[in-house]
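Participant: Contents of data.csv (CSV, C-alpha atoms) are given next:
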chain,number,residue,atom,x,y,z
K,1,MET,CA,18.3,-33.4,-18.2
K,2,LYS,CA,15.6,-36.0,-17.7
K,3,ARG,CA,13.4,-33.7,-15.6
K,4,ARG,CA,13.3,-31.0,-18.4
K,5,THR,CA,12.2,-33.7,-20.9
K,6,LEU,CA,9.4,-34.7,-18.6
K,7,LEU,CA,8.2,-31.2,-18.1
K,8,GLY,CA,8.3,-30.4,-21.8
K,9,GLY,CA,6.2,-33.4,-22.6
K,10,GLY,CA,3.8,-32.5,-19.8
K,11,VAL,CA,3.2,-29.0,-21.1
K,12,ALA,CA,2.6,-30.3,-24.6
K,13,ALA,CA,0.0,-32.7,-23.3
K,14,ALA,CA,-1.6,-30.1,-21.2
K,15,THR,CA,-2.2,-27.8,-24.1
K,16,VAL,CA,-4.6,-30.2,-25.9
K,17,VAL,CA,-8.1,-29.0,-25.2
K,18,ALA,CA,-11.3,-30.7,-26.2
K,19,THR,CA,-14.2,-28.8,-27.7
K,20,PRO,CA,-16.2,-27.7,-24.7
K,21,ALA,CA,-19.7,-29.0,-24.2
K,22,ILE,CA,-22.4,-26.4,-23.7
K,23,SER,CA,-23.9,-26.4,-20.2
K,24,GLN,CA,-27.3,-24.9,-19.1
K,25,ASP,CA,-27.3,-26.1,-15.4
K,26,ARG,CA,-27.1,-23.5,-12.7
K,27,VAL,CA,-24.0,-23.6,-10.6
K,28,SER,CA,-23.5,-22.1,-7.1
K,29,LEU,CA,-19.9,-21.8,-5.7
K,30,SER,CA,-18.7,-20.6,-2.3
K,31,LEU,CA,-15.4,-18.6,-2.1
K,32,LEU,CA,-13.2,-17.7,0.9
K,33,THR,CA,-10.9,-14.7,0.7
K,34,ASP,CA,-9.1,-12.0,2.6
K,35,ARG,CA,-9.3,-9.8,-0.5
K,36,GLY,CA,-12.9,-8.8,-0.5
K,37,ASP,CA,-12.8,-6.3,-3.4
K,38,ALA,CA,-11.0,-8.6,-5.7
K,39,ALA,CA,-13.2,-11.5,-4.9
K,40,SER,CA,-16.4,-9.5,-5.4
K,41,SER,CA,-15.1,-8.3,-8.7
K,42,LEU,CA,-14.5,-11.9,-9.8
K,43,SER,CA,-17.9,-13.0,-8.5
K,44,ASP,CA,-19.6,-10.2,-10.5
K,45,ARG,CA,-17.7,-11.0,-13.7
K,46,ILE,CA,-18.5,-14.7,-13.5
K,47,GLY,CA,-22.2,-13.9,-12.9
K,48,ALA,CA,-22.3,-11.4,-15.7
K,49,VAL,CA,-20.5,-13.6,-18.3
K,50,SER,CA,-22.7,-16.6,-17.4
K,51,GLY,CA,-25.8,-14.6,-17.5
K,52,GLY,CA,-26.4,-15.2,-13.9
K,53,ARG,CA,-26.3,-19.0,-14.3
K,54,ILE,CA,-23.1,-19.3,-12.2
K,55,SER,CA,-23.1,-17.6,-8.9
K,56,VAL,CA,-20.1,-17.1,-6.5
K,57,ASP,CA,-20.9,-16.4,-2.8
K,58,VAL,CA,-18.0,-14.5,-1.2
K,59,SER,CA,-17.0,-14.9,2.4
K,60,THR,CA,-14.4,-12.5,3.7
K,61,ALA,CA,-11.9,-13.4,6.4
K,62,THR,CA,-8.8,-11.8,7.9
K,63,ALA,CA,-5.2,-12.4,6.7
K,64,SER,CA,-4.5,-14.6,9.8
K,65,ASP,CA,-7.2,-17.0,8.6
K,66,THR,CA,-5.7,-17.6,5.1
K,67,ALA,CA,-3.5,-20.5,6.1
K,68,GLY,CA,-6.6,-22.6,6.6
K,69,PHE,CA,-8.1,-21.8,3.2
K,70,LEU,CA,-6.2,-24.6,1.6
K,71,ASP,CA,-7.6,-27.4,3.8
K,72,GLN,CA,-11.1,-25.8,3.8
K,73,VAL,CA,-11.2,-25.8,0.0
K,74,SER,CA,-9.5,-29.1,-0.6
K,75,GLY,CA,-11.7,-30.8,2.0
K,76,GLY,CA,-14.9,-29.4,0.4
K,77,GLY,CA,-15.8,-26.9,3.2
K,78,ALA,CA,-15.7,-24.3,0.5
K,79,ASP,CA,-15.5,-24.4,-3.3
K,80,MET,CA,-12.9,-21.7,-3.9
K,81,TYR,CA,-10.3,-19.4,-2.3
K,82,LEU,CA,-8.7,-16.2,-3.4
K,83,THR,CA,-5.6,-15.1,-1.5
K,84,SER,CA,-1.8,-15.1,-1.8
K,85,HIS,CA,-0.2,-18.5,-2.1
K,86,ASP,CA,2.3,-17.1,0.4
K,87,ALA,CA,-0.2,-18.5,3.0
K,88,PHE,CA,0.5,-22.1,2.0
K,89,VAL,CA,4.4,-22.3,1.9
K,90,SER,CA,4.5,-24.3,5.1
K,91,ARG,CA,2.6,-27.0,3.3
K,92,ASN,CA,4.8,-26.9,0.2
K,93,PRO,CA,7.5,-24.2,-0.4
K,94,ALA,CA,6.7,-24.4,-4.1
K,95,PHE,CA,3.6,-22.3,-3.5
K,96,GLY,CA,5.9,-19.4,-2.9
K,97,LEU,CA,7.2,-19.6,-6.5
K,98,PHE,CA,3.7,-18.6,-7.6
K,99,ALA,CA,3.4,-15.8,-5.1
K,100,ALA,CA,6.6,-13.9,-4.4
K,101,MET,CA,9.9,-15.7,-4.8
K,102,PRO,CA,12.6,-13.4,-3.3
K,103,GLY,CA,15.2,-12.5,-5.9
K,104,GLY,CA,13.0,-14.1,-8.6
K,105,MET,CA,10.7,-13.2,-11.4
K,106,SER,CA,8.9,-9.9,-12.0
K,107,PRO,CA,5.1,-9.9,-12.4
K,108,SER,CA,5.3,-10.0,-16.2
K,109,GLU,CA,7.9,-12.8,-16.1
K,110,LEU,CA,5.9,-14.8,-13.7
K,111,GLU,CA,2.7,-14.3,-15.7
K,112,SER,CA,4.5,-15.6,-18.8
K,113,TRP,CA,5.9,-18.6,-17.0
K,114,VAL,CA,2.5,-19.7,-15.7
K,115,THR,CA,0.5,-18.7,-18.8
K,116,VAL,CA,2.6,-20.2,-21.6
K,117,GLY,CA,5.5,-22.0,-19.9
K,118,ASP,CA,6.1,-24.9,-17.6
K,119,GLY,CA,4.6,-23.0,-14.8
K,120,ARG,CA,1.1,-23.9,-15.7
K,121,PHE,CA,2.0,-27.6,-15.7
K,122,MET,CA,3.8,-27.3,-12.4
K,123,LEU,CA,0.9,-25.4,-10.8
K,124,ASP,CA,-1.4,-28.1,-11.9
K,125,LEU,CA,0.8,-30.8,-10.3
K,126,LEU,CA,1.1,-28.8,-7.1
K,127,GLY,CA,-2.6,-28.3,-7.0
K,128,GLU,CA,-3.3,-32.0,-7.5
K,129,GLU,CA,-1.2,-32.8,-4.4
K,130,PHE,CA,-3.7,-30.7,-2.3
K,131,GLY,CA,-6.9,-31.4,-4.3
K,132,ILE,CA,-7.2,-28.0,-6.0
K,133,LYS,CA,-7.1,-26.4,-9.4
K,134,ALA,CA,-5.1,-23.2,-9.0
K,135,PHE,CA,-4.8,-20.0,-11.0
K,136,MET,CA,-3.1,-16.6,-10.9
K,137,ALA,CA,-5.7,-13.9,-9.9
K,138,GLY,CA,-3.9,-10.6,-9.7
K,139,ASP,CA,-0.5,-9.1,-8.7
K,140,ASP,CA,0.2,-6.2,-6.4
K,141,GLY,CA,3.6,-5.8,-8.0
K,142,ALA,CA,7.0,-5.3,-6.7
K,143,MET,CA,7.1,-4.2,-3.0
K,144,PRO,CA,9.5,-1.8,-1.4
K,145,MET,CA,10.9,-2.3,2.1
K,146,TRP,CA,9.4,0.1,4.6
K,147,ALA,CA,11.4,1.3,7.6
K,148,ARG,CA,10.9,3.3,10.8
K,149,ARG,CA,14.2,5.1,10.1
K,150,PRO,CA,16.8,5.0,7.3
K,151,ILE,CA,18.5,1.6,7.1
K,152,ALA,CA,22.3,2.0,7.0
K,153,GLY,CA,23.1,-1.7,6.4
K,154,LEU,CA,22.3,-5.3,7.1
K,155,SER,CA,23.2,-5.1,10.8
K,156,ASP,CA,20.2,-2.7,11.3
K,157,LEU,CA,17.8,-5.4,10.1
K,158,GLN,CA,19.6,-8.2,11.9
K,159,SER,CA,19.3,-6.5,15.2
K,160,GLY,CA,16.0,-4.7,14.7
K,161,GLY,CA,13.7,-7.3,13.1
K,162,VAL,CA,11.7,-7.4,9.9
K,163,ALA,CA,8.1,-8.4,9.0
K,164,SER,CA,7.4,-10.3,5.8
K,165,SER,CA,5.4,-13.3,4.5
K,166,GLY,CA,5.8,-16.6,2.6
K,167,LEU,CA,9.3,-17.4,1.5
K,168,GLY,CA,10.4,-13.9,2.5
K,169,LEU,CA,10.4,-15.2,6.1
K,170,ARG,CA,12.8,-17.9,5.3
K,171,VAL,CA,15.1,-15.5,3.4
K,172,LEU,CA,15.2,-13.1,6.3
K,173,SER,CA,16.0,-15.9,8.8
K,174,ASP,CA,18.9,-17.1,6.5
K,175,MET,CA,20.1,-13.4,6.4
K,176,GLY,CA,20.6,-13.6,10.1
K,177,VAL,CA,17.6,-11.4,11.1
K,178,GLN,CA,16.8,-12.5,14.6
K,179,ASN,CA,13.3,-11.2,14.9
K,180,VAL,CA,11.2,-12.3,11.9
K,181,VAL,CA,7.5,-11.6,12.0
K,182,ASP,CA,4.8,-13.1,9.8
K,183,ILE,CA,2.5,-10.3,8.6
K,184,LEU,CA,-0.2,-12.9,7.7
K,185,SER,CA,-0.3,-14.3,11.2
K,186,GLY,CA,-1.1,-10.9,12.7
K,187,GLY,CA,2.3,-10.7,14.5
K,188,ASP,CA,3.4,-7.8,16.6
K,189,LEU,CA,4.8,-5.1,14.2
K,190,SER,CA,5.8,-2.9,17.1
K,191,SER,CA,8.9,-5.0,17.5
K,192,VAL,CA,10.3,-4.6,14.0
K,193,VAL,CA,12.2,-1.8,12.3
K,194,ALA,CA,11.1,-2.7,8.8
K,195,ILE,CA,8.3,-4.3,6.8
K,196,GLU,CA,8.1,-5.9,3.4
K,197,GLY,CA,5.1,-7.4,1.7
K,198,LEU,CA,2.8,-4.3,1.6
K,199,SER,CA,2.4,-1.8,-1.2
K,200,VAL,CA,2.2,1.9,-0.7
K,201,ALA,CA,-1.5,1.7,-1.1
K,202,GLN,CA,-1.8,-1.1,1.5
K,203,MET,CA,0.5,0.8,3.9
K,204,THR,CA,-1.8,3.8,3.6
K,205,ARG,CA,-5.0,1.8,4.1
K,206,SER,CA,-3.6,-0.1,7.1
K,207,GLY,CA,-2.4,3.1,8.8
K,208,LEU,CA,1.2,1.9,8.9
K,209,LEU,CA,2.7,4.5,6.7
K,210,GLY,CA,3.1,7.0,9.5
K,211,ALA,CA,5.2,4.6,11.5
K,212,PHE,CA,7.2,3.3,8.6
K,213,PRO,CA,7.7,6.4,6.3
K,214,HIS,CA,11.1,5.4,4.8
K,215,MET,CA,10.6,3.5,1.4
K,216,ILE,CA,13.7,1.5,0.4
K,217,THR,CA,14.1,0.2,-3.2
K,218,PRO,CA,14.9,-2.0,-5.0
K,219,ASN,CA,13.8,-4.7,-2.6
K,220,ALA,CA,14.9,-8.2,-3.7
K,221,GLY,CA,12.7,-9.7,-1.1
K,222,ARG,CA,9.4,-8.9,-3.0
K,223,PRO,CA,9.8,-8.7,-6.8
K,224,SER,CA,6.1,-9.7,-7.2
K,225,ALA,CA,3.0,-10.2,-5.0
K,226,THR,CA,0.7,-12.5,-6.9
K,227,LEU,CA,-2.8,-13.4,-5.8
K,228,GLY,CA,-4.0,-17.0,-6.4
K,229,ALA,CA,-7.4,-18.5,-6.9
K,230,GLY,CA,-8.0,-22.2,-6.2
K,231,VAL,CA,-11.0,-24.4,-6.8
K,232,ASN,CA,-11.7,-27.7,-5.1
K,233,LEU,CA,-10.5,-30.2,-7.7
K,234,SER,CA,-13.5,-32.6,-7.4
K,235,ARG,CA,-15.8,-29.6,-7.8
K,236,TRP,CA,-13.8,-28.4,-10.8
K,237,SER,CA,-13.8,-31.8,-12.4
K,238,SER,CA,-17.6,-32.0,-12.0
K,239,LEU,CA,-18.1,-28.9,-14.1
K,240,SER,CA,-18.7,-29.0,-17.8
K,241,GLU,CA,-15.8,-28.1,-20.0
K,242,ALA,CA,-17.7,-25.0,-21.0
K,243,ASP,CA,-18.1,-23.8,-17.4
K,244,GLN,CA,-14.5,-24.6,-16.7
K,245,LEU,CA,-13.4,-22.5,-19.6
K,246,LEU,CA,-15.8,-19.7,-18.6
K,247,ILE,CA,-14.5,-19.6,-15.0
K,248,GLU,CA,-10.8,-19.8,-16.1
K,249,ARG,CA,-11.2,-17.0,-18.5
K,250,CYS,CA,-13.0,-14.8,-15.9
K,251,ILE,CA,-10.1,-15.4,-13.5
K,252,MET,CA,-7.6,-14.6,-16.2
K,253,ALA,CA,-9.4,-11.4,-17.0
K,254,GLU,CA,-9.5,-10.4,-13.3
K,255,HIS,CA,-5.8,-11.2,-13.0
K,256,GLY,CA,-5.2,-8.4,-15.6
K,257,VAL,CA,-7.6,-6.0,-13.9
K,258,GLN,CA,-6.2,-6.5,-10.5
K,259,ARG,CA,-2.6,-6.0,-11.7
K,260,SER,CA,-3.7,-2.7,-13.4
K,261,LEU,CA,-5.7,-1.6,-10.4
K,262,ALA,CA,-2.7,-2.2,-8.1
K,263,LEU,CA,-0.5,-0.1,-10.3
K,264,HIS,CA,-3.0,2.7,-10.4
K,265,ASN,CA,-3.7,2.6,-6.6
K,266,ASN,CA,0.0,2.7,-5.8
K,267,VAL,CA,0.6,5.7,-8.1
K,268,VAL,CA,-2.3,7.6,-6.5
K,269,ALA,CA,-1.3,6.6,-2.9
K,270,LEU,CA,2.3,7.7,-3.4
K,271,SER,CA,1.2,11.0,-4.9
K,272,GLU,CA,-1.1,11.7,-2.1
K,273,ALA,CA,1.5,10.7,0.5
K,274,GLY,CA,3.8,13.3,-0.8
K,275,SER,CA,6.5,14.3,1.7
K,276,ALA,CA,5.3,11.8,4.2
K,277,VAL,CA,7.3,9.2,2.3
K,278,THR,CA,11.1,9.5,2.1
K,279,SER,CA,12.8,7.3,-0.6
K,280,HIS,CA,16.1,5.6,-0.1
K,281,GLU,CA,18.3,3.2,-2.1
K,282,MET,CA,18.7,-0.3,-0.7
K,283,PRO,CA,22.1,-0.7,1.0
K,284,GLN,CA,24.4,-2.9,-1.1
K,285,ASP,CA,25.1,-5.4,1.7
K,286,VAL,CA,21.4,-5.9,2.3
K,287,TRP,CA,20.8,-6.5,-1.4
K,288,ASP,CA,23.7,-8.9,-1.6
K,289,ALA,CA,22.4,-10.8,1.4
K,290,GLN,CA,18.9,-11.0,0.0
K,291,ILE,CA,20.1,-12.5,-3.2
K,292,ALA,CA,22.4,-15.0,-1.5
K,293,SER,CA,19.7,-16.1,0.9
K,294,ALA,CA,17.1,-16.3,-1.9
K,295,ASN,CA,19.4,-18.7,-3.7
K,296,THR,CA,19.7,-20.8,-0.5
K,297,VAL,CA,15.9,-21.0,0.0
K,298,LEU,CA,15.4,-21.9,-3.7
K,299,ALA,CA,18.1,-24.6,-3.4
K,300,GLN,CA,16.3,-26.1,-0.4
K,301,MET,CA,13.3,-26.8,-2.5
K,302,PHE,CA,15.2,-29.6,-4.2
K,303,ASP,CA,15.1,-31.5,-0.9
K,304,ALA,CA,11.4,-30.8,-0.3
K,305,GLY,CA,9.9,-33.5,-2.4
K,306,ASP,CA,9.5,-34.2,-6.1
K,307,ILE,CA,6.9,-31.5,-6.9
K,308,ALA,CA,8.9,-28.8,-5.1
K,309,ALA,CA,12.1,-29.9,-6.8
K,310,ASP,CA,10.5,-30.0,-10.3
K,311,SER,CA,8.9,-26.7,-9.7
K,312,ALA,CA,12.1,-25.1,-8.6
K,313,ASP,CA,13.9,-26.6,-11.6
K,314,ALA,CA,11.3,-25.3,-14.0
K,315,TYR,CA,11.4,-21.9,-12.4
K,316,LEU,CA,15.2,-21.7,-12.7
K,317,PHE,CA,15.1,-22.9,-16.3
K,318,PHE,CA,12.6,-20.2,-17.3
K,319,ILE,CA,14.1,-17.3,-15.4
K,320,GLY,CA,17.5,-18.1,-17.0
K,321,ASP,CA,15.9,-17.7,-20.4
K,322,VAL,CA,13.7,-14.7,-19.7
K,323,ALA,CA,16.2,-12.6,-17.8
K,324,GLY,CA,18.2,-11.7,-20.9
K,325,TRP,CA,15.1,-10.5,-22.7
K,326,SER,CA,13.9,-8.6,-19.6
K,327,GLU,CA,17.2,-6.7,-19.6
K,328,ILE,CA,16.7,-5.7,-23.3
K,329,GLY,CA,13.0,-5.3,-23.4
K,330,GLU,CA,12.2,-3.6,-20.1
K,331,THR,CA,15.2,-2.7,-17.9
K,332,ALA,CA,17.2,-0.9,-20.5
K,333,TYR,CA,14.2,1.1,-21.6
K,334,PHE,CA,13.2,2.1,-18.0
K,335,LEU,CA,16.7,3.3,-17.3
K,336,GLY,CA,16.8,5.3,-20.5
K,337,ARG,CA,13.4,6.7,-19.8
K,338,LYS,CA,14.3,7.7,-16.3
K,339,GLN,CA,17.2,9.7,-17.6
K,340,ALA,CA,15.0,11.4,-20.2
K,341,LEU,CA,12.3,12.3,-17.7
K,342,THR,CA,14.9,14.0,-15.4
K,343,LEU,CA,16.2,16.3,-18.1
Produce structure tokens that represent the structure in this file.
Facilitator:
Amino acid sequence: MKRRTLLGGGVAAATVVATPAISQDRVSLSLLTDRGDAASSLSDRIGAVSGGRISVDVSTATASDTAGFLDQVSGGGADMYLTSHDAFVSRNPAFGLFAAMPGGMSPSELESWVTVGDGRFMLDLLGEEFGIKAFMAGDDGAMPMWARRPIAGLSDLQSGGVASSGLGLRVLSDMGVQNVVDILSGGDLSSVVAIEGLSVAQMTRSGLLGAFPHMITPNAGRPSATLGAGVNLSRWSSLSEADQLLIERCIMAEHGVQRSLALHNNVVALSEAGSAVTSHEMPQDVWDAQIASANTVLAQMFDAGDIAADSADAYLFFIGDVAGWSEIGETAYFLGRKQALTL
């Protein structure tokens, strides 16, 4: 396929890195975020690794402000953002591929695609369209669906309403859910019977666990929940290669830390919640509808412009390859271990 040839060539070219020049100039960067702890950790790391020469000033906003981060950073109102790329899917649906594609890649698969596959090249092309250099900066992991009461089947969601974010909103609408609420916009959650897009730790911190105590898994709507960091492209290009490498490696390190921290926090939160959380299996008709609608939403990207189409193509190409190994390398082991742990 012509597109695959183009992508392969692009990745090869992107991997050629010049020897970085050494920079001694002081650099001050401003960062917008709705994830204050993660952003402060990144700021501290960059400051420490640079010996204080590079400083990152963090400004924290609410989730409802995140949609504006893209224009603020690309327009030079701030140098960086750290948030979920879910917030930008209305500008280009391909952003959702790098956040939480329903029915798509797990955190480890997505990390592999972006780190060593075509995903890095596609994220660069997507970023160039909006004047940013983007990175992965953490992952809250797979998300359950949380419900006020047990969900018997798809009709419960269609008639009752569900809250989500990013491409999850499009999938729910395609599934026939009449009342779809965007969590990021601060929508009224009192009108929904279920929520997806929040981990058990986030449900606990937000005080929502008491109202939505039923945890339903597996949830095809949220197989990952990746954070993204973006830098104004002109600002990025003005940095020395040494400073670019330093900042990129610090973001990569924080990506790993935030992934690990999310796993730890969820384990602790679920343990502390105890009997306050009741676990359920996802009804088969809901799962089937999620997968079918996810395929529809992904297919729509091929009509959303060249970058979205190429990104969707690259995503499908990689997931087709990696799925077989994930079954062998992870799923089979987890299922076997579960049986062993219950003996």
Participant: Rank nothing, just name the residue among K:Gly131, K:Gly221, K:Gly187, K:Gly138 nearest to Gln258 (chain K), using all atoms listed in the file.
Facilitator: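 Result for the nearest residue to Gln258 (chain K): K:Gly138.
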Participant: Enter the distance from CA of Val200 (chain K) to CA of Thr115 (chain K), in Å, rounded to one decimal.
Facilitator: 27.5 Å
Participant: Need the shell around Val58 (chain K): protein/DNA/RNA residues with any atom at most 7 Å away, counting all atoms listed in the file. Skip same-chain ones fewer than 5 positions apart. Format as a list of chain:residue names?
Facilitator: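 Counting all atoms listed in the file, the residues come to K:Ser30, K:Leu31, K:Leu32, K:Ala39, K:Ser40.
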Participant: Nearest to Gly329 (chain K): which of K:Ser108, K:His255, K:Pro144, K:Val56 is it, counting all atoms listed in the file?
Facilitator: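 Result for the nearest residue to Gly329 (chain K): K:Ser108.
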Participant: What does the distance from CA of Ser164 (chain K) to CA of Thr226 (chain K) come to in Å, to one decimal?
Facilitator: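 A separation of 14.5 Å between them.
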Participant: Hey, which of K:Asp188, K:Glu241, K:Asp44, K:Asp182 ends up closest to Ala87 (chain K)? Count all atoms listed in the file.
Facilitator: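 Of all the options, K:Asp182 lies closest to Ala87 (chain K).
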Participant: With only C-alpha atoms as the basis for distance, which of K:Leu198, K:Pro93, K:Ala276, K:Thr66 is at the shortest distance from Phe302 (chain K)?
Facilitator: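 Closest residue, counting only C-alpha atoms: K:Pro93.
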Participant: Identify which of the residues K:Ala323, K:Leu70, K:Ala269, K:Ile251 lies closest to Leu42 (chain K), counting only C-alpha atoms when measuring atom-to-atom distances.
Facilitator: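 Ranked by minimum distance to Leu42 (chain K), first place goes to K:Ile251.
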Participant: Which is closest to Pro107 (chain K) among K:Gly160, K:Gly336, K:Gly274, K:Pro223, if we use all atoms listed in the file?
Facilitator: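 Checking each candidate against Pro107 (chain K), we get K:Pro223 as the closest.
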Participant: Would you list the contacts of Gly176 (chain K) as number ranges by chain, taking every protein, DNA or RNA residue within 10 Å and counting only C-alpha atoms, but skipping same-chain residues closer than 5 positions in sequence?
Facilitator: K: 154-155, 157-159, 161, 171, 289, 293
Participant: Go ahead and save the picked residues with C-alpha atoms, as a CSV table (one decimal), keeping the file's coordinate frame.
Facilitator:
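Everything below was put into result-v1.csv:
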chain,number,residue,atom,x,y,z
K,154,LEU,CA,22.3,-5.3,7.1
K,155,SER,CA,23.2,-5.1,10.8
K,157,LEU,CA,17.8,-5.4,10.1
K,158,GLN,CA,19.6,-8.2,11.9
K,159,SER,CA,19.3,-6.5,15.2
K,161,GLY,CA,13.7,-7.3,13.1
K,171,VAL,CA,15.1,-15.5,3.4
K,289,ALA,CA,22.4,-10.8,1.4
K,293,SER,CA,19.7,-16.1,0.9
Participant: Identify, on the basis of all atoms listed in the file, every residue whose closest approach to Phe95 (chain K) does not exceed 10 Å; exclude the query and any residue fewer than 5 positions from it along the same chain; express the result as a count of residues only.
Facilitator: 17
Participant: What is the distance between CA of Leu263 (chain K) and CA of Met80 (chain K), in Å to one decimal?
Facilitator: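 Straight-line distance from CA of Leu263 (chain K) to CA of Met80 (chain K) works out to 25.7 Å.
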